Amino acid sequence: MFFNSNKRAESNVGFSHLGEGASFEGEIHCKGEIEIAGKVKGNITAKTLRILEGGKVTGQVNAEKVEILGCMLGNTTSLNIHVGEKGVVRGDLRFETNLSVAEGADILGHVQKAKKDKNKKFDTEKVRYLEHNQRAS
Amino acid sequence: MPSVILNDTIFKGTLSQKDSITLDGTFIGDITAEEIIVKDHGTINGNLNASVNIEVNGNVVGDLNSDKIHLTNFAKVRGKLSHKSLSVDEGAQLEITAQTRKRISNLNKE
């Protein structure tokens with residue numbers, strides 16, 4: 001549904017890839033797509049994040065689309081989350097639009113549908129209101 | 001499978017990789033790998049340690065340590081190099097101190 005393993009092997013142009021033998025400690029900011037087959041300790045911000053089988057992420061994840069086919073320790077915040085059949089999650093999943101979990105996935109943590117947009121709007125309105133009041137006083 | 005880090009990605013931290021890594025993005029921190037290739041958009045602020053080969057076609061500020069170092073024509077490098085064999089192409093902008101590690105066979109001759 002989300003991916004095609006043959007396609008992925010052929011085209012390594014469109015996204016960053018952290019290989020199996022890699023272990024990274026620190027922050028990752030990615031404006032596009034990133035695939036992780038190695039070990040990462042630290043927070044990740046990305047548009048699309050794919051944790052492959054054998055991949056392990058320890059830390060917070062913030063993305064638009066997350067696919068967890070490996071191991072994810074920590075909280076995940078994303079618009080769309082997919083957990084594959086061999087996916088392991090220890091931590092909270094917060095999603096805004098879609099969550100899909102394949103049969104066999106191992107999840108321990110809170111799963112919550114969050115409506116971020118409304119909060120944001122509310123916040124900006126609040127700020128505007130406060131600014132208006134400041135100007136008035 | 002070797003790692004590839006593209007233009008749109010920023011890494012901050014330390015990376016150790018068993019095989020090869022190709023960088024076209026921004027990396028702040030140290031890298032240890034078998035082979036490190038820095039492409040033209042690659043910007044690295046940190047030390048590179050490779051056991052076999054380093055090829056630079058981008059920006060590097062930091063020390064480079066490898067058996068073989070190749071700086072191509074778009075390379076901009078600042079730092080110390082330690083190598084067994086070094087090759088620099090025409091047009092590379094360098095601010096470096098380089099040191100050749102002696103091979104064991106040479107040491108024996110001396």
# chains A, B, ... in the order shown; residues from 1 in each chain; ligands from 1
>>> select_by_dssp(residues="chain B", states="helix (DSSP H, G or I)", output="ChimeraX atom specification")
/B:104-109
>>> interface_residues(of="chain A", to="chain B", cutoff="9 Å", atoms="only C-alpha atoms", output="list in words")
Asn12, Val13, Gly14, Phe15, Ser16, His17, Leu18, Gly19, Glu20, Gly21, Ala22, Ser23, Phe24, Glu25, Gly26, Glu27, Ile28, His29, Cys30, Lys31, Gly32, Glu33, Ile34, Ala37, Gly38, Gly42 and Ala46 of chain A
>>> atom_distance(atom1="CA of Lys84 (chain B)", atom2="CA of Asn45 (chain B)")
22.8 Å
>>> residues_around(residues="region 90-95 of chain A", least_positions_apart="5", cutoff="6 Å", atoms="only C-alpha atoms", output="list in words")
Leu73, Gly74, Asn75, Thr76, Thr77, Ser78, Leu79, Asn80, Leu108, Gly109, His110, Val111, Gln112, Lys113 and Ala114 of chain A
>>> decode(residues="region 67-100 of chain B", atoms="N, CA and C atoms", output="PDB file, in the first residue's frame")
ATOM      1  N   ASP B  67      43.365   6.816   4.471  1.00  0.00           N
ATOM      2  CA  ASP B  67      44.488   6.311   3.677  1.00  0.00           C
ATOM      3  C   ASP B  67      44.610   7.097   2.377  1.00  0.00           C
ATOM      4  N   LYS B  68      43.470   7.322   1.763  1.00  0.00           N
ATOM      5  CA  LYS B  68      43.476   7.977   0.472  1.00  0.00           C
ATOM      6  C   LYS B  68      42.551   9.185   0.554  1.00  0.00           C
ATOM      7  N   ILE B  69      43.046  10.345   0.156  1.00  0.00           N
ATOM      8  CA  ILE B  69      42.191  11.534   0.137  1.00  0.00           C
ATOM      9  C   ILE B  69      42.234  12.129  -1.258  1.00  0.00           C
ATOM     10  N   HIS B  70      41.074  12.402  -1.801  1.00  0.00           N
ATOM     11  CA  HIS B  70      40.986  13.007  -3.124  1.00  0.00           C
ATOM     12  C   HIS B  70      40.146  14.274  -3.013  1.00  0.00           C
ATOM     13  N   LEU B  71      40.746  15.427  -3.330  1.00  0.00           N
ATOM     14  CA  LEU B  71      40.014  16.690  -3.312  1.00  0.00           C
ATOM     15  C   LEU B  71      39.791  17.097  -4.762  1.00  0.00           C
ATOM     16  N   THR B  72      38.560  17.159  -5.178  1.00  0.00           N
ATOM     17  CA  THR B  72      38.273  17.452  -6.585  1.00  0.00           C
ATOM     18  C   THR B  72      38.132  18.953  -6.802  1.00  0.00           C
ATOM     19  N   ASN B  73      37.847  19.361  -8.035  1.00  0.00           N
ATOM     20  CA  ASN B  73      37.981  20.777  -8.398  1.00  0.00           C
ATOM     21  C   ASN B  73      37.011  21.740  -7.720  1.00  0.00           C
ATOM     22  N   PHE B  74      35.903  21.247  -7.161  1.00  0.00           N
ATOM     23  CA  PHE B  74      34.994  22.162  -6.466  1.00  0.00           C
ATOM     24  C   PHE B  74      35.166  22.107  -4.945  1.00  0.00           C
ATOM     25  N   ALA B  75      36.191  21.425  -4.510  1.00  0.00           N
ATOM     26  CA  ALA B  75      36.374  21.244  -3.062  1.00  0.00           C
ATOM     27  C   ALA B  75      36.817  22.540  -2.389  1.00  0.00           C
ATOM     28  N   LYS B  76      36.255  22.769  -1.210  1.00  0.00           N
ATOM     29  CA  LYS B  76      36.689  23.876  -0.356  1.00  0.00           C
ATOM     30  C   LYS B  76      36.986  23.249   0.991  1.00  0.00           C
ATOM     31  N   VAL B  77      38.242  23.196   1.367  1.00  0.00           N
ATOM     32  CA  VAL B  77      38.592  22.465   2.576  1.00  0.00           C
ATOM     33  C   VAL B  77      39.446  23.324   3.490  1.00  0.00           C
ATOM     34  N   ARG B  78      39.122  23.290   4.750  1.00  0.00           N
ATOM     35  CA  ARG B  78      39.915  23.977   5.759  1.00  0.00           C
ATOM     36  C   ARG B  78      40.174  23.007   6.902  1.00  0.00           C
ATOM     37  N   GLY B  79      41.432  22.747   7.218  1.00  0.00           N
ATOM     38  CA  GLY B  79      41.714  21.846   8.330  1.00  0.00           C
ATOM     39  C   GLY B  79      42.995  21.067   8.120  1.00  0.00           C
ATOM     40  N   LYS B  80      43.166  20.048   8.926  1.00  0.00           N
ATOM     41  CA  LYS B  80      44.371  19.218   8.847  1.00  0.00           C
ATOM     42  C   LYS B  80      44.060  17.922   8.116  1.00  0.00           C
ATOM     43  N   LEU B  81      44.975  17.518   7.265  1.00  0.00           N
ATOM     44  CA  LEU B  81      44.807  16.254   6.584  1.00  0.00           C
ATOM     45  C   LEU B  81      45.871  15.280   7.059  1.00  0.00           C
ATOM     46  N   SER B  82      45.477  14.060   7.247  1.00  0.00           N
ATOM     47  CA  SER B  82      46.430  13.000   7.554  1.00  0.00           C
ATOM     48  C   SER B  82      46.116  11.848   6.614  1.00  0.00           C
ATOM     49  N   HIS B  83      47.087  11.436   5.817  1.00  0.00           N
ATOM     50  CA  HIS B  83      46.787  10.511   4.728  1.00  0.00           C
ATOM     51  C   HIS B  83      48.015   9.711   4.346  1.00  0.00           C
ATOM     52  N   LYS B  84      47.790   8.686   3.502  1.00  0.00           N
ATOM     53  CA  LYS B  84      48.907   7.970   2.887  1.00  0.00           C
ATOM     54  C   LYS B  84      49.093   8.450   1.458  1.00  0.00           C
ATOM     55  N   SER B  85      47.975   8.703   0.787  1.00  0.00           N
ATOM     56  CA  SER B  85      48.106   9.275  -0.552  1.00  0.00           C
ATOM     57  C   SER B  85      47.062  10.371  -0.715  1.00  0.00           C
ATOM     58  N   LEU B  86      47.520  11.497  -1.268  1.00  0.00           N
ATOM     59  CA  LEU B  86      46.639  12.664  -1.422  1.00  0.00           C
ATOM     60  C   LEU B  86      46.643  13.082  -2.880  1.00  0.00           C
ATOM     61  N   SER B  87      45.469  13.366  -3.417  1.00  0.00           N
ATOM     62  CA  SER B  87      45.439  13.940  -4.755  1.00  0.00           C
ATOM     63  C   SER B  87      44.500  15.134  -4.747  1.00  0.00           C
ATOM     64  N   VAL B  88      44.936  16.208  -5.404  1.00  0.00           N
ATOM     65  CA  VAL B  88      44.163  17.446  -5.446  1.00  0.00           C
ATOM     66  C   VAL B  88      43.958  17.838  -6.898  1.00  0.00           C
ATOM     67  N   ASP B  89      42.737  18.116  -7.261  1.00  0.00           N
ATOM     68  CA  ASP B  89      42.454  18.545  -8.630  1.00  0.00           C
ATOM     69  C   ASP B  89      42.593  20.052  -8.755  1.00  0.00           C
ATOM     70  N   GLU B  90      42.706  20.506  -9.997  1.00  0.00           N
ATOM     71  CA  GLU B  90      42.828  21.922 -10.296  1.00  0.00           C
ATOM     72  C   GLU B  90      41.553  22.647  -9.863  1.00  0.00           C
ATOM     73  N   GLY B  91      41.702  23.752  -9.175  1.00  0.00           N
ATOM     74  CA  GLY B  91      40.532  24.544  -8.797  1.00  0.00           C
ATOM     75  C   GLY B  91      40.095  24.357  -7.363  1.00  0.00           C
ATOM     76  N   ALA B  92      40.647  23.405  -6.674  1.00  0.00           N
ATOM     77  CA  ALA B  92      40.269  23.185  -5.275  1.00  0.00           C
ATOM     78  C   ALA B  92      40.765  24.346  -4.418  1.00  0.00           C
ATOM     79  N   GLN B  93      39.899  24.815  -3.514  1.00  0.00           N
ATOM     80  CA  GLN B  93      40.280  25.920  -2.636  1.00  0.00           C
ATOM     81  C   GLN B  93      40.628  25.353  -1.275  1.00  0.00           C
ATOM     82  N   LEU B  94      41.881  25.521  -0.895  1.00  0.00           N
ATOM     83  CA  LEU B  94      42.337  24.832   0.309  1.00  0.00           C
ATOM     84  C   LEU B  94      43.000  25.769   1.298  1.00  0.00           C
ATOM     85  N   GLU B  95      42.814  25.443   2.541  1.00  0.00           N
ATOM     86  CA  GLU B  95      43.493  26.127   3.628  1.00  0.00           C
ATOM     87  C   GLU B  95      43.860  25.020   4.608  1.00  0.00           C
ATOM     88  N   ILE B  96      44.874  24.255   4.237  1.00  0.00           N
ATOM     89  CA  ILE B  96      45.101  23.002   4.957  1.00  0.00           C
ATOM     90  C   ILE B  96      46.557  22.813   5.378  1.00  0.00           C
ATOM     91  N   THR B  97      46.743  21.978   6.375  1.00  0.00           N
ATOM     92  CA  THR B  97      48.061  21.429   6.628  1.00  0.00           C
ATOM     93  C   THR B  97      47.947  19.931   6.404  1.00  0.00           C
ATOM     94  N   ALA B  98      48.855  19.418   5.593  1.00  0.00           N
ATOM     95  CA  ALA B  98      48.765  18.011   5.230  1.00  0.00           C
ATOM     96  C   ALA B  98      49.941  17.244   5.787  1.00  0.00           C
ATOM     97  N   GLN B  99      49.672  16.033   6.199  1.00  0.00           N
ATOM     98  CA  GLN B  99      50.738  15.188   6.718  1.00  0.00           C
ATOM     99  C   GLN B  99      50.593  13.784   6.159  1.00  0.00           C
ATOM    100  N   THR B 100      51.668  13.288   5.587  1.00  0.00           N
ATOM    101  CA  THR B 100      51.629  11.939   5.034  1.00  0.00           C
ATOM    102  C   THR B 100      52.078  10.949   6.082  1.00  0.00           C
TER     103      THR B 100
END
